[in-house]
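> Attaching a single structure in structure tokens format; questions to follow.
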Amino acid sequence: MDEQLKIRLVEEQDFAGMLAVYAPNVINTAITFEYDVPSLEEYSERIRKIASHYPCLVCVQNNQVAGFAYGSIHRVKTAYQWSTESTIYVDPKFHGKGVARILYHALLSVLELQGFINVYAGVTTPNPQSEQFHLAMGFAEIALFERIGFKLGKWHDLKFFEMYLAEHTANPVPPVSIDKVKDTKAFQEISSKANDLLNV
């Protein structure tokens with residue numbers, strides 16, 4: 001019998017499974033503009049760097065990665081520190097099971113807990129499934145970069161979506177790293193709620 005699905009923070013043992021979910025998107029699609037599948041070493045270092053400050057959540061079943069979502073830097077200058085970009089990939093075997101919605105909602109909740117205010121998501125178009133998903137999650141379409149990337153023999157547009165997690169106050173408190181919130185009661189409540197919803 002399959003174990004229950006579980007959402008948690010990424011661990012070193014998850015990197016290979018994450019790469020296995022990500023790699024087909026590099027090879028077969030323009031969902032990511034990356035041309036070559038990174039080595040496990042390169043990909044692991046990439047995720048370690050992201051997870052040192054941002055939430056990187058994995059959804060696992062039987063120790064296999066079903067999907068993952070993380071926040072990452074939007075731009076490097078100090079005034080952008082309240083903004084982050086979101087990324088999500090789910091193994092096609094788990095499409096239609098609510099994994100993406102629950103995983104993304106948990107990610108957004110943790111980003112809000114850290115103190116981020118703006119979340120941005122870039123979607124290569126046309127991609128009706130991802131576009132409708134972001135709209136359903138509460139994002140608003142804000143920009144279209146036409147013919148910005150060339151992959152698989154053609155030029156592709158990139159559509160950007162935006163969500164506000166909190167009010168834009170006059171004296172915003174700088175966001176804290178994931179290490180500052182991962183042991184809090186609020187973080188545990190987010191995790192528990194996500195896992196309860198996964199296994200209803």
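The chains in the structure tokens are called A, B, ... from first to last as shown; in each chain the residues are counted from 1, and the ligands are counted from 1 in the order shown.
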When you look at range 49-64 of chain A with a cut-off of 7 Å (counting only C-alpha atoms), what residues show up, excluding the ones that are within fewer than 3 positions of it in the same chain? I need them as a PyMOL selection string.
chain A and resi 2-10+17+45-46+67-72+107+110+177-178
> For a quick check of understanding, using only C-alpha atoms, which of A:Tyr35, A:Phe15, A:Phe145, A:Tyr120 has the smallest distance to Arg75 in chain A?
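Of all the options, A:Tyr120 lies closest to Arg75 in chain A.
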> Got a sec to tell me which of range 63-189 of chain A DSSP assigns to strand (DSSP E or B), as a VMD selection string?
chain A and resid 64 to 73 83 to 90 118 to 125 140 to 151 154 to 164
> Please produce, as CSV, a per-residue contact table for range 85-105 of chain A versus range 186-194 of chain A (criterion: any atom at most 12 Å away, only C-alpha atoms considered), showing the nearest atom pair and its distance in Å to one decimal, sorted by chain then residue number.

```
residue,atom,partner,partner_atom,distance
A:Gly98,CA,A:Ala194,CA,10.6
A:Val99,CA,A:Ala194,CA,9.5
A:Ala100,CA,A:Ala194,CA,11.1
A:Arg101,CA,A:Ala194,CA,9.8
A:Ile102,CA,A:Ala194,CA,6.0
A:Leu103,CA,A:Ala194,CA,7.2
A:Tyr104,CA,A:Ala194,CA,9.7
A:His105,CA,A:Ala194,CA,8.1
```
> If we count only C-alpha atoms and set the cut-off at 6 Å, which residues sit around range 122-138 of chain A, ignoring sequence neighbours fewer than 5 positions away in its own chain? Please answer as an MDAnalysis selection string.
chainID A and resid 31 157:160
> What separation in Å, quoted to one decimal, exists between CA of Tyr22 in chain A and CA of Ser44 in chain A?
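These atoms are spaced 12.4 Å apart.
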> Have a look at A:Val65, A:Leu152, A:Leu108, A:Val181 and name the one nearest to Asp14 in chain A; count only C-alpha atoms.
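Of A:Val65, A:Leu152, A:Leu108, A:Val181, the one nearest Asp14 in chain A, counting only C-alpha atoms, is A:Val65.
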> When you draw a straight line from CA of Met18 in chain A to CA of Ser86 in chain A, how long is it in Å?
15.5 Å
> Using only C-alpha atoms, which of the listed residues (A:Trp155, A:Tyr80, A:Phe161, A:Phe116) sits closest to Val173 in chain A?
A:Phe116
> What is the distance between CA of Ser39 in chain A and CA of Thr84 in chain A, in Å to one decimal?
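Computing the Euclidean distance for CA of Ser39 in chain A and CA of Thr84 in chain A yields 25.4 Å.
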> Among range 81-168 of chain A, which residues carry a DSSP assignment of helix (DSSP H, G or I), reported as a list in words?
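Selection result, helix (DSSP H, G or I) within range 81-168 of chain A: Pro92, Lys93, Phe94, Val99, Ala100, Arg101, Ile102, Leu103, Tyr104, His105, Ala106, Leu107, Leu108, Ser109, Val110, Leu111, Glu112, Leu113, Gln114, Pro128, Gln129, Ser130, Glu131, Gln132, Phe133, His134, Leu135 and Ala136 of chain A.
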> Would you output that residue set with C-alpha atoms, as a compact mmCIF listing (two decimals), in the first residue's frame?

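Below is the file again.txt, written as the result:
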```
# COMPACT_ATOMS: atom_id res chain seq x y z
CA PRO A 92 2.95 14.17 -14.35
CA LYS A 93 1.89 11.02 -12.46
CA PHE A 94 0.61 13.31 -9.71
CA VAL A 99 -0.52 18.30 -5.26
CA ALA A 100 0.38 21.48 -7.15
CA ARG A 101 -2.35 23.57 -5.52
CA ILE A 102 -1.58 22.43 -1.96
CA LEU A 103 2.19 22.64 -2.45
CA TYR A 104 1.98 26.14 -3.92
CA HIS A 105 -0.37 27.37 -1.22
CA ALA A 106 2.04 26.10 1.44
CA LEU A 107 4.95 27.83 -0.31
CA LEU A 108 3.10 31.15 -0.48
CA SER A 109 2.12 30.87 3.18
CA VAL A 110 5.73 30.31 4.23
CA LEU A 111 6.95 33.21 2.08
CA GLU A 112 4.39 35.42 3.80
CA LEU A 113 5.56 34.16 7.18
CA GLN A 114 9.12 35.16 6.27
CA PRO A 128 -2.96 27.42 -20.62
CA GLN A 129 -2.64 24.94 -17.75
CA SER A 130 0.00 26.96 -15.89
CA GLU A 131 -1.60 30.30 -16.74
CA GLN A 132 -4.99 29.20 -15.39
CA PHE A 133 -3.33 27.63 -12.37
CA HIS A 134 -1.65 30.89 -11.37
CA LEU A 135 -4.83 32.87 -11.89
CA ALA A 136 -6.75 30.35 -9.78
```
> With distances taken over only C-alpha atoms, which of A:Ala166, A:Ile73, A:Lys97, A:Pro38 is nearest to Asn199 in chain A?
A:Lys97
